[in-house]
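Enquirer: Dropping in run.txt, which is compact mmCIF, C-alpha atoms and all ligand atoms:
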```
# COMPACT_ATOMS: atom_id res chain seq x y z
CA MET L 1 -117.07 -101.84 -43.37
CA ASN L 2 -119.58 -104.55 -44.27
CA LYS L 3 -123.03 -102.99 -44.68
CA THR L 4 -126.16 -104.91 -43.73
CA VAL L 5 -129.72 -104.63 -45.01
CA ILE L 6 -132.63 -106.03 -42.99
CA ILE L 7 -135.59 -107.08 -45.17
CA THR L 8 -138.91 -107.96 -43.53
CA GLY L 9 -141.02 -110.49 -45.43
CA GLY L 10 -137.78 -111.58 -47.11
CA GLY L 11 -138.78 -115.22 -47.55
CA SER L 12 -140.76 -114.73 -50.76
CA GLY L 13 -141.90 -112.39 -53.51
CA LEU L 14 -140.51 -108.86 -53.62
CA GLY L 15 -138.58 -109.27 -50.34
CA LEU L 16 -136.62 -112.20 -51.73
CA ALA L 17 -136.04 -110.41 -55.06
CA LEU L 18 -134.74 -107.35 -53.15
CA ALA L 19 -132.48 -109.63 -51.11
CA ASN L 20 -131.07 -110.98 -54.34
CA HIS L 21 -130.19 -107.49 -55.63
CA TYR L 22 -128.92 -106.06 -52.35
CA SER L 23 -126.77 -109.13 -51.64
CA THR L 24 -124.38 -107.92 -54.36
CA ASN L 25 -123.04 -105.27 -51.95
CA PHE L 26 -124.77 -105.80 -48.60
CA ASN L 27 -124.93 -108.52 -46.00
CA VAL L 28 -128.59 -109.51 -45.95
CA CYS L 29 -130.70 -110.33 -42.93
CA LEU L 30 -134.18 -111.66 -43.69
CA ILE L 31 -137.16 -111.53 -41.34
CA GLY L 32 -140.39 -113.53 -41.61
CA ARG L 33 -142.64 -115.84 -39.65
CA THR L 34 -142.11 -119.13 -41.55
CA GLU L 35 -138.69 -120.65 -40.92
CA SER L 36 -138.85 -123.14 -43.83
CA LYS L 37 -139.45 -120.27 -46.27
CA LEU L 38 -136.55 -118.28 -44.86
CA GLN L 39 -134.24 -121.29 -45.01
CA GLN L 40 -135.17 -121.88 -48.66
CA ALA L 41 -134.62 -118.20 -49.41
CA ILE L 42 -131.16 -118.34 -47.84
CA GLU L 43 -130.30 -121.32 -50.05
CA THR L 44 -131.26 -119.44 -53.21
CA LEU L 45 -129.05 -116.53 -52.05
CA SER L 46 -126.10 -118.74 -51.13
CA GLN L 47 -124.09 -117.86 -54.28
CA THR L 48 -123.44 -114.36 -53.00
CA GLU L 49 -120.07 -113.33 -51.49
CA ASN L 50 -121.90 -111.45 -48.72
CA ARG L 51 -123.35 -112.99 -45.58
CA VAL L 52 -127.02 -113.97 -45.57
CA SER L 53 -128.96 -114.83 -42.41
CA TYR L 54 -132.51 -114.86 -41.11
CA HIS L 55 -134.55 -114.33 -37.96
CA VAL L 56 -138.03 -115.72 -37.36
CA CYS L 57 -140.12 -112.79 -36.17
CA ASP L 58 -143.67 -111.49 -36.45
CA VAL L 59 -143.34 -107.81 -37.38
CA ALA L 60 -146.68 -107.10 -35.72
CA ASP L 61 -145.35 -108.25 -32.32
CA TYR L 62 -143.74 -105.26 -30.58
CA GLU L 63 -141.59 -107.25 -28.12
CA GLN L 64 -140.34 -109.72 -30.75
CA VAL L 65 -139.39 -106.88 -33.09
CA GLN L 66 -137.51 -105.00 -30.35
CA SER L 67 -135.63 -108.13 -29.30
CA VAL L 68 -134.74 -109.41 -32.81
CA LEU L 69 -133.60 -106.02 -34.10
CA HIS L 70 -131.49 -105.46 -30.97
CA THR L 71 -129.80 -108.83 -31.58
CA ILE L 72 -129.09 -107.93 -35.20
CA PHE L 73 -127.60 -104.52 -34.31
CA GLU L 74 -125.29 -106.20 -31.77
CA LYS L 75 -123.68 -108.19 -34.61
CA GLU L 76 -124.06 -106.07 -37.73
CA THR L 77 -123.60 -102.51 -38.99
CA VAL L 78 -127.05 -101.98 -40.43
CA HIS L 79 -127.43 -99.33 -43.13
CA LEU L 80 -130.92 -100.09 -44.36
CA LEU L 81 -134.21 -101.49 -43.08
CA ILE L 82 -136.71 -102.46 -45.78
CA ASN L 83 -140.23 -102.77 -44.34
CA ASN L 84 -141.63 -105.08 -46.99
CA ALA L 85 -143.76 -107.63 -45.04
CA GLY L 86 -147.39 -107.15 -45.92
CA THR L 87 -150.67 -108.89 -46.47
CA GLY L 88 -153.89 -108.22 -48.38
CA ILE L 89 -157.40 -109.65 -48.21
CA PHE L 90 -159.47 -108.36 -51.10
CA GLU L 91 -163.25 -108.40 -50.57
CA PRO L 92 -166.05 -105.86 -50.25
CA LEU L 93 -165.91 -104.30 -46.78
CA HIS L 94 -169.06 -106.09 -45.57
CA LEU L 95 -167.48 -109.49 -46.29
CA LEU L 96 -164.26 -108.84 -44.36
CA SER L 97 -164.19 -110.46 -40.92
CA LYS L 98 -162.81 -108.74 -37.82
CA ASP L 99 -159.77 -111.05 -38.10
CA ASP L 100 -159.21 -110.07 -41.77
CA ILE L 101 -159.28 -106.38 -40.86
CA GLU L 102 -156.98 -106.80 -37.88
CA GLN L 103 -154.52 -108.97 -39.78
CA MET L 104 -154.05 -106.29 -42.46
CA ILE L 105 -153.79 -103.44 -39.97
CA HIS L 106 -151.43 -105.34 -37.67
CA THR L 107 -149.08 -106.57 -40.39
CA ASN L 108 -149.04 -103.58 -42.71
CA VAL L 109 -149.27 -100.72 -40.21
CA TYR L 110 -147.85 -101.96 -36.89
CA GLY L 111 -145.48 -104.16 -38.89
CA THR L 112 -143.96 -101.04 -40.44
CA ILE L 113 -144.11 -98.74 -37.41
CA TYR L 114 -142.57 -101.19 -34.89
CA PRO L 115 -139.38 -102.01 -36.86
CA SER L 116 -138.93 -98.32 -37.81
CA LYS L 117 -139.18 -97.32 -34.15
CA ALA L 118 -136.80 -100.12 -33.13
CA VAL L 119 -134.03 -99.11 -35.56
CA PHE L 120 -134.20 -95.37 -34.80
CA PRO L 121 -132.02 -95.29 -31.63
CA HIS L 122 -129.36 -97.40 -33.37
CA PHE L 123 -129.39 -95.33 -36.56
CA ASN L 124 -129.38 -92.13 -34.54
CA LYS L 125 -126.33 -93.26 -32.57
CA GLN L 126 -124.55 -94.30 -35.80
CA GLY L 127 -125.52 -91.00 -37.45
CA PHE L 128 -126.75 -92.78 -40.57
CA GLY L 129 -129.38 -95.21 -41.76
CA LYS L 130 -132.25 -95.67 -44.16
CA VAL L 131 -135.81 -96.98 -43.76
CA MET L 132 -137.51 -98.00 -46.99
CA ASN L 133 -141.25 -98.66 -46.73
CA ILE L 134 -142.81 -100.81 -49.44
CA ILE L 135 -146.27 -99.32 -49.99
CA SER L 136 -148.26 -99.81 -53.23
CA THR L 137 -150.31 -97.71 -55.59
CA ALA L 138 -153.00 -98.66 -53.01
CA GLY L 139 -151.33 -95.96 -50.89
CA LEU L 140 -152.01 -93.38 -53.61
CA ARG L 141 -155.71 -93.94 -54.39
CA GLY L 142 -158.68 -96.01 -53.25
CA LYS L 143 -159.67 -99.18 -55.12
CA VAL L 144 -162.76 -101.43 -55.23
CA ASN L 145 -162.62 -104.36 -52.79
CA GLU L 146 -159.36 -102.99 -51.33
CA SER L 147 -160.77 -100.56 -48.75
CA VAL L 148 -158.92 -101.83 -45.68
CA TYR L 149 -155.76 -102.73 -47.61
CA CYS L 150 -155.75 -99.18 -49.06
CA ALA L 151 -156.35 -97.76 -45.57
CA THR L 152 -153.25 -99.55 -44.29
CA LYS L 153 -151.13 -98.38 -47.22
CA PHE L 154 -152.37 -94.77 -46.88
CA ALA L 155 -151.37 -95.05 -43.21
CA VAL L 156 -147.85 -96.13 -44.13
CA ARG L 157 -147.64 -93.30 -46.64
CA GLY L 158 -148.54 -90.75 -43.93
CA PHE L 159 -146.11 -92.40 -41.54
CA THR L 160 -143.26 -92.28 -44.04
CA GLU L 161 -143.92 -88.69 -45.17
CA SER L 162 -143.92 -87.62 -41.51
CA LEU L 163 -140.62 -89.37 -40.76
CA VAL L 164 -139.03 -87.63 -43.77
CA LYS L 165 -139.78 -84.34 -41.97
CA GLU L 166 -139.16 -85.55 -38.41
CA TRP L 167 -135.74 -87.08 -39.17
CA GLU L 168 -134.45 -84.25 -41.35
CA GLY L 169 -130.83 -83.50 -40.45
CA THR L 170 -130.29 -86.76 -38.53
CA GLY L 171 -128.62 -88.61 -41.41
CA ILE L 172 -131.52 -91.08 -41.45
CA PHE L 173 -133.43 -91.23 -44.72
CA PRO L 174 -136.97 -92.68 -45.02
CA THR L 175 -138.26 -93.65 -48.47
CA ALA L 176 -141.79 -94.55 -49.57
CA VAL L 177 -142.01 -96.96 -52.51
CA TYR L 178 -145.11 -97.16 -54.70
CA MET L 179 -145.69 -99.98 -57.17
CA GLY L 180 -148.62 -101.66 -58.93
CA GLY L 181 -149.27 -105.39 -59.14
CA MET L 182 -146.43 -107.91 -59.07
CA ASP L 183 -146.66 -111.61 -59.76
CA THR L 184 -145.84 -112.98 -56.28
CA PRO L 185 -147.34 -115.48 -53.79
CA PHE L 186 -149.36 -112.48 -52.51
CA TRP L 187 -152.05 -113.48 -55.04
CA ASP L 188 -152.00 -117.26 -54.43
CA GLU L 189 -155.12 -117.38 -52.24
CA THR L 190 -157.36 -114.97 -54.18
CA ASP L 191 -158.85 -114.42 -57.62
CA HIS L 192 -158.82 -110.63 -57.18
CA ILE L 193 -156.30 -110.43 -60.04
CA LYS L 194 -157.70 -112.27 -63.04
CA ASP L 195 -154.58 -112.41 -65.22
CA ARG L 196 -151.33 -112.55 -63.25
CA SER L 197 -149.26 -112.84 -66.43
CA ARG L 198 -149.84 -109.08 -67.01
CA LEU L 199 -148.13 -108.17 -63.73
CA LYS L 200 -144.49 -107.13 -63.38
CA SER L 201 -142.12 -109.73 -61.96
CA PRO L 202 -140.79 -109.01 -58.46
CA GLU L 203 -137.26 -109.20 -59.90
CA THR L 204 -138.01 -106.34 -62.33
CA VAL L 205 -139.46 -104.20 -59.54
CA ALA L 206 -136.60 -105.04 -57.15
CA LYS L 207 -134.04 -103.91 -59.74
CA MET L 208 -135.93 -100.65 -60.31
CA ILE L 209 -135.98 -100.00 -56.55
CA PHE L 210 -132.30 -100.92 -56.15
CA ASP L 211 -131.31 -98.59 -59.02
CA GLN L 212 -133.23 -95.64 -57.50
CA ASP L 213 -132.15 -96.17 -53.89
CA ASP L 214 -130.29 -92.87 -53.40
CA ASN L 215 -131.90 -91.34 -50.25
CA ARG L 216 -134.83 -89.83 -52.20
CA PRO L 217 -138.05 -89.67 -50.13
CA GLU L 218 -140.20 -91.41 -52.74
CA ILE L 219 -139.68 -94.04 -55.42
CA PHE L 220 -142.50 -94.40 -57.95
CA ILE L 221 -142.40 -97.67 -59.90
CA ASP L 222 -146.02 -97.07 -60.96
CA ARG L 223 -148.45 -94.22 -60.25
N1 LIG L 301 -147.80 -108.43 -55.09
C1 LIG L 301 -148.31 -107.25 -55.43
O1 LIG L 301 -149.03 -107.11 -56.44
C2 LIG L 301 -148.01 -106.03 -54.61
C3 LIG L 301 -148.23 -104.76 -55.17
C4 LIG L 301 -147.92 -103.63 -54.45
C5 LIG L 301 -147.37 -103.75 -53.18
N2 LIG L 301 -147.16 -104.98 -52.65
C6 LIG L 301 -146.56 -105.06 -51.32
O2 LIG L 301 -145.31 -105.68 -51.46
C7 LIG L 301 -144.93 -106.30 -50.21
C8 LIG L 301 -144.41 -107.69 -50.47
O3 LIG L 301 -145.47 -108.50 -50.94
P1 LIG L 301 -145.27 -109.67 -51.99
O4 LIG L 301 -146.07 -109.33 -53.16
O5 LIG L 301 -143.82 -110.00 -52.16
O6 LIG L 301 -146.05 -110.86 -51.24
P2 LIG L 301 -145.56 -112.17 -50.49
O7 LIG L 301 -144.74 -113.02 -51.36
O8 LIG L 301 -146.78 -112.74 -49.88
O9 LIG L 301 -144.59 -111.60 -49.36
C9 LIG L 301 -145.00 -111.13 -48.13
C10 LIG L 301 -144.02 -111.63 -47.09
O10 LIG L 301 -144.33 -111.04 -45.83
C11 LIG L 301 -144.18 -112.02 -44.82
N3 LIG L 301 -145.06 -111.67 -43.72
C12 LIG L 301 -146.41 -111.55 -43.74
N4 LIG L 301 -146.86 -111.23 -42.53
C13 LIG L 301 -145.76 -111.12 -41.73
C14 LIG L 301 -145.58 -110.81 -40.35
N5 LIG L 301 -146.62 -110.54 -39.55
N6 LIG L 301 -144.31 -110.80 -39.86
C15 LIG L 301 -143.26 -111.07 -40.66
N7 LIG L 301 -143.37 -111.36 -41.97
C16 LIG L 301 -144.61 -111.40 -42.47
C17 LIG L 301 -144.60 -113.34 -45.49
O11 LIG L 301 -143.94 -114.45 -44.89
P3 LIG L 301 -144.56 -115.26 -43.64
O12 LIG L 301 -146.04 -115.43 -43.95
O13 LIG L 301 -143.80 -116.52 -43.61
O14 LIG L 301 -144.30 -114.41 -42.45
C18 LIG L 301 -144.09 -113.15 -46.91
O15 LIG L 301 -142.78 -113.68 -47.07
C19 LIG L 301 -146.18 -106.19 -49.33
O16 LIG L 301 -146.04 -105.12 -48.43
C20 LIG L 301 -147.31 -105.90 -50.30
O17 LIG L 301 -148.36 -105.19 -49.70
C21 LIG L 301 -147.45 -106.12 -53.33
```
Translate the structure described by the file into structure tokens.
Ligand SMILES: NC(=O)c1ccc[n+]([C@@H]2O[C@H](COP(=O)([O-])OP(=O)(O)OC[C@H]3O[C@@H](n4cnc5c(N)ncnc54)[C@H](OP(=O)(O)O)[C@@H]3O)[C@@H](O)[C@H]2O)c1

Expert:
Amino acid sequence: MNKTVIITGGGSGLGLALANHYSTNFNVCLIGRTESKLQQAIETLSQTENRVSYHVCDVADYEQVQSVLHTIFEKETVHLLINNAGTGIFEPLHLLSKDDIEQMIHTNVYGTIYPSKAVFPHFNKQGFGKVMNIISTAGLRGKVNESVYCATKFAVRGFTESLVKEWEGTGIFPTAVYMGGMDTPFWDETDHIKDRSRLKSPETVAKMIFDQDDNRPEIFIDR
């Protein structure tokens, strides 16, 4: 049976690096909002023997997520959903606009909850499945100028820990993944990180995640 992994935010950074690793033994289905980025990502993955595809979808849009994931499950046997799409705006709280706050909460929190909810009936019917939530060390402790970003990542931590308990015995395994800074396009629009050369590469982190993906409830790349 050909296994499929769905990766949200798969058009760049960690999502693309994960796609690269998982494509060695999974069909890969990427999700993101920017079609040109997804198309480019597919081209870089084209060497793989497994099938790679993409769907344009905003993970913070409930109806789009329901519809796109339903379409994928009609065609594929999905083993793993990686909720990786995320965004960060790093400023003191008083400088964040209402839009900044909502964008982080919508993408990072709703954008993890909606896909997880959408896959559950399918995984439950199959009797197996995994949901891996990419969090951050920002889900472990508060940081200066990261208050709302940290709030969203703490939310996803609580969400994931709860699903570990709620789904016990169903054959569905949630995993929370915690990592520090990675040198990805995430930092392109900000000077919050002064020296990006000190950060891990997304490829290094993706390999560490791939190597530890064994149904454990937590993967700590950094603490
Ligand atoms: N970089 C770091 O230092 C770091 C550290 C710890 C954790 N993380 C986490 O790692 C994850 C991946 O980030 P990254 O560093 O790889 O950054 P990235 O390159 O900016 O990747 C984020 C991806 O998410 C997609 N995305 C954003 N909003 C979306 C939405 N509403 N619907 C669908 N896709 C959406 C983006 O594509 P579109 O804009 O085209 O949709 C982009 O491809 C995030 O959850 C981030 O919080 C990053």

Enquirer: Step by step, measure atom-to-atom distances between ligand LIG 301 (chain L) and each residue using only C-alpha atoms and all ligand atoms, keep those at most 7 Å, then write them as number ranges by chain.

Expert: L: 8-15, 31-34, 37, 57-60, 84-88, 107-108, 111, 134-137, 179-187

Enquirer: Using all atoms listed in the file, determine which residues lie at most 10 Å from Gln126 of chain L, disregarding the query and same-chain residues fewer than 4 positions distant; provide the list as a PyMOL selection string.

Expert: chain L and resi 77-79+120-122+170-172

Enquirer: Find the residues near segment 41-55 of chain L: any atom within 10 Å, counting all atoms listed in the file, skip ones fewer than 4 places away on the same chain, and give them as a CSV table (one decimal) with C-alpha atoms, keeping the file's coordinate frame.

Expert:
```csv
chain,number,residue,atom,x,y,z
L,2,ASN,CA,-119.6,-104.6,-44.3
L,3,LYS,CA,-123.0,-103.0,-44.7
L,4,THR,CA,-126.2,-104.9,-43.7
L,5,VAL,CA,-129.7,-104.6,-45.0
L,6,ILE,CA,-132.6,-106.0,-43.0
L,7,ILE,CA,-135.6,-107.1,-45.2
L,8,THR,CA,-138.9,-108.0,-43.5
L,10,GLY,CA,-137.8,-111.6,-47.1
L,11,GLY,CA,-138.8,-115.2,-47.6
L,12,SER,CA,-140.8,-114.7,-50.8
L,15,GLY,CA,-138.6,-109.3,-50.3
L,16,LEU,CA,-136.6,-112.2,-51.7
L,17,ALA,CA,-136.0,-110.4,-55.1
L,19,ALA,CA,-132.5,-109.6,-51.1
L,20,ASN,CA,-131.1,-111.0,-54.3
L,21,HIS,CA,-130.2,-107.5,-55.6
L,22,TYR,CA,-128.9,-106.1,-52.4
L,23,SER,CA,-126.8,-109.1,-51.6
L,24,THR,CA,-124.4,-107.9,-54.4
L,25,ASN,CA,-123.0,-105.3,-52.0
L,26,PHE,CA,-124.8,-105.8,-48.6
L,27,ASN,CA,-124.9,-108.5,-46.0
L,28,VAL,CA,-128.6,-109.5,-46.0
L,29,CYS,CA,-130.7,-110.3,-42.9
L,30,LEU,CA,-134.2,-111.7,-43.7
L,31,ILE,CA,-137.2,-111.5,-41.3
L,32,GLY,CA,-140.4,-113.5,-41.6
L,33,ARG,CA,-142.6,-115.8,-39.6
L,34,THR,CA,-142.1,-119.1,-41.6
L,35,GLU,CA,-138.7,-120.6,-40.9
L,36,SER,CA,-138.8,-123.1,-43.8
L,37,LYS,CA,-139.4,-120.3,-46.3
L,68,VAL,CA,-134.7,-109.4,-32.8
L,69,LEU,CA,-133.6,-106.0,-34.1
L,71,THR,CA,-129.8,-108.8,-31.6
L,72,ILE,CA,-129.1,-107.9,-35.2
```

Enquirer: Which residue out of L:Phe154, L:Tyr62, L:Tyr178, L:Tyr149 has the minimum interatomic distance to Ile113 of chain L when only C-alpha atoms are used?

Expert: L:Tyr62

Enquirer: As an exercise, work out the distance from atom CA of Ile89 of chain L to atom CA of Thr152 of chain L in Å and give it to one decimal place.

Expert: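 It comes out at 11.6 Å.
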
Enquirer: One decimal, in Å: what's the spacing between atom CA of Phe123 of chain L and atom CA of Leu80 of chain L?

Expert: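 Separation between atom CA of Phe123 of chain L and atom CA of Leu80 of chain L: 9.3 Å.
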
Enquirer: If I take atom CA of Phe159 of chain L and atom CA of Leu38 of chain L, how far is one from the other in Å, to one decimal?

Expert: 27.8 Å
